[in-house]
Amino acid sequence: MMNHSVIDPLQPHLQTDCSQCFGLCCVALPYAKSADFPCDKPGGSPCRHLQKDYRCGIHDSLRGQGYKGCTVYDCFGAGERVSKQTFGGHSWREDSGTADRMLAVFPVMQQLHEIISYLREIAAAGRTAALHAEAGQAIARLEELAAQPPEALLELDLPAVRAGVNGTLQEASRLVRQQGVAASGRSASALPTRKDFFGANLKGKLWRGANLRGAMLIAANLQKADLRDCDFIGADLRDADLRGADLRGALFLSQMQVNSAKGDAGTRLPPGLRAPGHWA
Ligand code: SF4
């Protein structure tokens, strides 16, 4: 996992430092026997592979042992913040009262951090300069919410928080995509309007500046596609083939989406996102 503080203002993407977390995702989240996990685990119970030092006992062989889902998940740095800031370094292992609240706060913080991550992309990019002040104010508001004690975090109205920033995200998307289309020299009318591309062969598509919000791209062949300046918020990229694809300038693309796809050394990613180890 990557290694920097969740409050580094220079980084557009909030990233995860598992060494600073009490293994919260390995306890709080449920998983079910599937292509992603070899067995069932209820939410709130520690995974059998979580060690006393909160590290994964099978980290180097997760995929080989059927834990593909663990190599995809990313908490946007929420685990670090909940462990070190919200609970001041006190672990869920210390008492059951702490455990209940900590495990409940973790998914709330994960969602807050996801929204903050999108806003930081806007605040960091020159192409969305018109929205820098607006995004900066929204980040400050959300950081205040994220810094609250556990009880207040558990009472947060997350749909209202999302609704409060939706206009800023939509306008950023419009600006970035518009600039992408202009730079491509092609007409916006050539870009896709539908969202369902399950298993579709989209090899080499010239989709610079496309709106792929919420698009279903599971197992789609996007090899060598031009996906620069596309909006990927909420897009499902599980097992999408991004080998040789160009995603530079892609907006609201998360590390988890990248982790869930296939890629190679020829896949171009936006700054702050990394090629996962299983692409090698
Ligand atoms: S297998 Fe490892 S990474 Fe996955 S939930 Fe268990 S301890 Fe966490």
# chains A, B, ... in the order shown; residues from 1 in each chain; ligands from 1
>>> closest_atom_pairs(of="chain A", to="ligand 1", cutoff="8 Å", atoms="only C-alpha atoms and all ligand atoms", output="JSON lines")
{"residue": "A:Gly23", "atom": "CA", "partner": "ligand 1", "partner_atom_place_in_ligand_line": "8 (Fe)", "distance": 6.8}
{"residue": "A:Cys25", "atom": "CA", "partner": "ligand 1", "partner_atom_place_in_ligand_line": "8 (Fe)", "distance": 6.7}
{"residue": "A:Cys26", "atom": "CA", "partner": "ligand 1", "partner_atom_place_in_ligand_line": "5 (S)", "distance": 3.9}
{"residue": "A:Val27", "atom": "CA", "partner": "ligand 1", "partner_atom_place_in_ligand_line": "5 (S)", "distance": 7.1}
{"residue": "A:Pro46", "atom": "CA", "partner": "ligand 1", "partner_atom_place_in_ligand_line": "6 (Fe)", "distance": 7.7}
{"residue": "A:Cys47", "atom": "CA", "partner": "ligand 1", "partner_atom_place_in_ligand_line": "6 (Fe)", "distance": 4.5}
{"residue": "A:Arg48", "atom": "CA", "partner": "ligand 1", "partner_atom_place_in_ligand_line": "6 (Fe)", "distance": 6.3}
{"residue": "A:His49", "atom": "CA", "partner": "ligand 1", "partner_atom_place_in_ligand_line": "7 (S)", "distance": 4.4}
{"residue": "A:Leu50", "atom": "CA", "partner": "ligand 1", "partner_atom_place_in_ligand_line": "7 (S)", "distance": 3.9}
{"residue": "A:Gln51", "atom": "CA", "partner": "ligand 1", "partner_atom_place_in_ligand_line": "7 (S)", "distance": 7.2}
{"residue": "A:Tyr54", "atom": "CA", "partner": "ligand 1", "partner_atom_place_in_ligand_line": "7 (S)", "distance": 7.8}
{"residue": "A:Arg55", "atom": "CA", "partner": "ligand 1", "partner_atom_place_in_ligand_line": "7 (S)", "distance": 6.6}
{"residue": "A:Cys56", "atom": "CA", "partner": "ligand 1", "partner_atom_place_in_ligand_line": "2 (Fe)", "distance": 4.1}
{"residue": "A:Gly57", "atom": "CA", "partner": "ligand 1", "partner_atom_place_in_ligand_line": "2 (Fe)", "distance": 6.2}
{"residue": "A:Ile58", "atom": "CA", "partner": "ligand 1", "partner_atom_place_in_ligand_line": "2 (Fe)", "distance": 5.9}
{"residue": "A:His59", "atom": "CA", "partner": "ligand 1", "partner_atom_place_in_ligand_line": "2 (Fe)", "distance": 5.9}
{"residue": "A:Leu62", "atom": "CA", "partner": "ligand 1", "partner_atom_place_in_ligand_line": "1 (S)", "distance": 6.4}
{"residue": "A:Tyr67", "atom": "CA", "partner": "ligand 1", "partner_atom_place_in_ligand_line": "1 (S)", "distance": 6.0}
{"residue": "A:Gly69", "atom": "CA", "partner": "ligand 1", "partner_atom_place_in_ligand_line": "4 (Fe)", "distance": 7.4}
{"residue": "A:Cys70", "atom": "CA", "partner": "ligand 1", "partner_atom_place_in_ligand_line": "4 (Fe)", "distance": 4.6}
{"residue": "A:Thr71", "atom": "CA", "partner": "ligand 1", "partner_atom_place_in_ligand_line": "3 (S)", "distance": 7.3}
>>> residues_around(residues="region 106-123 of chain A", least_positions_apart="2", cutoff="7 Å", atoms="only C-alpha atoms", output="JSON, numbers by chain")
{"A": [12, 13, 14, 75, 76, 78, 79, 82, 102, 103, 104, 125, 128, 132, 135, 136, 139, 142, 146, 172, 252]}
>>> write_last_selection(atoms="C-alpha atoms", output="short mmCIF file (atom, residue, chain, number, x, y, z; two decimals), in the first residue's frame")
data_model
loop_
_atom_site.label_atom_id
_atom_site.label_comp_id
_atom_site.auth_asym_id
_atom_site.auth_seq_id
_atom_site.Cartn_x
_atom_site.Cartn_y
_atom_site.Cartn_z
CA PRO A 12 -5.08 15.07 -5.04
CA HIS A 13 -5.80 11.45 -4.13
CA LEU A 14 -6.22 10.26 -0.55
CA CYS A 75 -10.27 2.87 2.01
CA PHE A 76 -9.09 6.32 0.81
CA ALA A 78 -10.04 6.25 6.29
CA GLY A 79 -8.52 3.43 8.34
CA VAL A 82 -10.05 6.47 12.38
CA MET A 102 -14.73 2.13 15.76
CA LEU A 103 -16.03 -0.47 13.33
CA ALA A 104 -19.19 1.57 12.81
CA ALA A 125 -6.05 20.68 -11.24
CA THR A 128 -10.75 23.27 -12.91
CA HIS A 132 -10.77 26.05 -6.78
CA ALA A 135 -13.81 23.11 -3.82
CA GLY A 136 -11.48 24.48 -1.16
CA ILE A 139 -12.94 20.46 1.59
CA LEU A 142 -15.78 18.10 5.13
CA ALA A 146 -14.21 14.20 9.53
CA ALA A 172 -15.83 19.95 -12.72
CA PHE A 252 -12.73 10.86 -10.28
#
>>> residues_around(residues="Pro149 (chain A)", least_positions_apart="4", cutoff="10 Å", atoms="only C-alpha atoms", output="JSON, numbers by chain")
{"A": [82, 85, 86, 87, 105, 145, 153, 154]}
>>> write_last_selection(atoms="all heavy atoms", output="CSV table (one decimal), in the first residue's frame")
chain,number,residue,atom,x,y,z
A,82,VAL,N,-9.2,7.0,11.3
A,82,VAL,CA,-10.1,6.5,12.4
A,82,VAL,C,-9.2,5.9,13.5
A,82,VAL,O,-9.4,6.2,14.7
A,82,VAL,CB,-11.0,5.4,11.9
A,82,VAL,CG1,-11.7,4.7,13.0
A,82,VAL,CG2,-12.1,6.0,10.9
A,85,GLN,N,-6.6,9.2,14.6
A,85,GLN,CA,-7.1,10.5,15.0
A,85,GLN,C,-8.4,10.4,15.7
A,85,GLN,O,-8.5,10.8,16.9
A,85,GLN,CB,-7.3,11.4,13.7
A,85,GLN,CG,-7.7,12.8,14.0
A,85,GLN,CD,-7.9,13.6,12.7
A,85,GLN,OE1,-9.0,13.8,12.3
A,85,GLN,NE2,-6.8,14.1,12.2
A,86,THR,N,-9.4,9.7,15.1
A,86,THR,CA,-10.7,9.6,15.8
A,86,THR,C,-10.7,8.9,17.1
A,86,THR,O,-11.3,9.3,18.1
A,86,THR,CB,-11.7,8.9,14.8
A,86,THR,OG1,-11.6,9.4,13.5
A,86,THR,CG2,-13.2,9.1,15.3
A,87,PHE,N,-9.9,7.9,17.1
A,87,PHE,CA,-9.8,7.1,18.4
A,87,PHE,C,-8.4,7.2,19.0
A,87,PHE,O,-8.1,6.5,20.0
A,87,PHE,CB,-10.1,5.6,18.1
A,87,PHE,CG,-11.6,5.4,17.9
A,87,PHE,CD1,-12.1,5.6,16.7
A,87,PHE,CD2,-12.4,5.0,19.0
A,87,PHE,CE1,-13.5,5.4,16.5
A,87,PHE,CE2,-13.7,4.9,18.8
A,87,PHE,CZ,-14.3,5.1,17.5
A,105,VAL,N,-17.8,3.5,12.7
A,105,VAL,CA,-17.3,4.8,12.2
A,105,VAL,C,-16.5,4.6,10.9
A,105,VAL,O,-16.5,5.4,10.0
A,105,VAL,CB,-16.4,5.5,13.3
A,105,VAL,CG1,-15.6,6.6,12.6
A,105,VAL,CG2,-17.3,6.1,14.4
A,145,LEU,N,-16.0,18.0,9.5
A,145,LEU,CA,-16.9,16.9,9.8
A,145,LEU,C,-16.1,15.6,10.1
A,145,LEU,O,-16.4,14.9,11.1
A,145,LEU,CB,-17.8,16.6,8.6
A,145,LEU,CG,-18.9,17.6,8.2
A,145,LEU,CD1,-19.7,17.2,7.0
A,145,LEU,CD2,-19.8,17.9,9.3
A,153,LEU,N,-19.8,11.6,14.2
A,153,LEU,CA,-19.6,11.0,12.9
A,153,LEU,C,-20.7,9.9,12.6
A,153,LEU,O,-21.2,9.8,11.4
A,153,LEU,CB,-18.3,10.3,12.8
A,153,LEU,CG,-17.1,11.2,12.6
A,153,LEU,CD1,-15.8,10.5,13.0
A,153,LEU,CD2,-17.0,11.7,11.2
A,154,LEU,N,-21.2,9.2,13.6
A,154,LEU,CA,-22.2,8.2,13.4
A,154,LEU,C,-23.6,8.8,13.1
A,154,LEU,O,-24.5,8.2,12.6
A,154,LEU,CB,-22.3,7.3,14.6
A,154,LEU,CG,-21.1,6.4,14.8
A,154,LEU,CD1,-21.1,5.6,16.1
A,154,LEU,CD2,-21.0,5.4,13.6
>>> select_by_dssp(residues="region 20-192 of chain A", states="strand (DSSP E or B)", output="ChimeraX atom specification")
/A:31,41,50,56
>>> write_last_selection(atoms="N, CA and C atoms", output="mmCIF file, in the first residue's frame")
data_model
loop_
_atom_site.group_PDB
_atom_site.id
_atom_site.type_symbol
_atom_site.label_atom_id
_atom_site.label_comp_id
_atom_site.auth_asym_id
_atom_site.auth_seq_id
_atom_site.Cartn_x
_atom_site.Cartn_y
_atom_site.Cartn_z
ATOM 1 N N TYR A 31 -17.318 -10.350 4.021
ATOM 2 C CA TYR A 31 -17.104 -10.862 2.667
ATOM 3 C C TYR A 31 -17.802 -12.209 2.521
ATOM 4 N N LYS A 41 -17.255 -14.321 5.710
ATOM 5 C CA LYS A 41 -16.893 -13.673 6.978
ATOM 6 C C LYS A 41 -17.918 -12.586 7.271
ATOM 7 N N LEU A 50 -5.804 -12.063 9.949
ATOM 8 C CA LEU A 50 -5.308 -10.825 10.552
ATOM 9 C C LEU A 50 -4.438 -11.159 11.761
ATOM 10 N N CYS A 56 -1.583 -8.459 7.520
ATOM 11 C CA CYS A 56 -2.193 -9.640 6.915
ATOM 12 C C CYS A 56 -1.168 -10.776 6.848
#
>>> closest_residue(among="A:Ala140, A:Thr16, A:Arg248, A:Lys52", to="Asp74 (chain A)", atoms="only C-alpha atoms")
A:Thr16
>>> closest_residue(among="A:Arg141, A:Lys33, A:Arg101, A:Arg81", to="Gly66 (chain A)", atoms="only C-alpha atoms")
A:Lys33
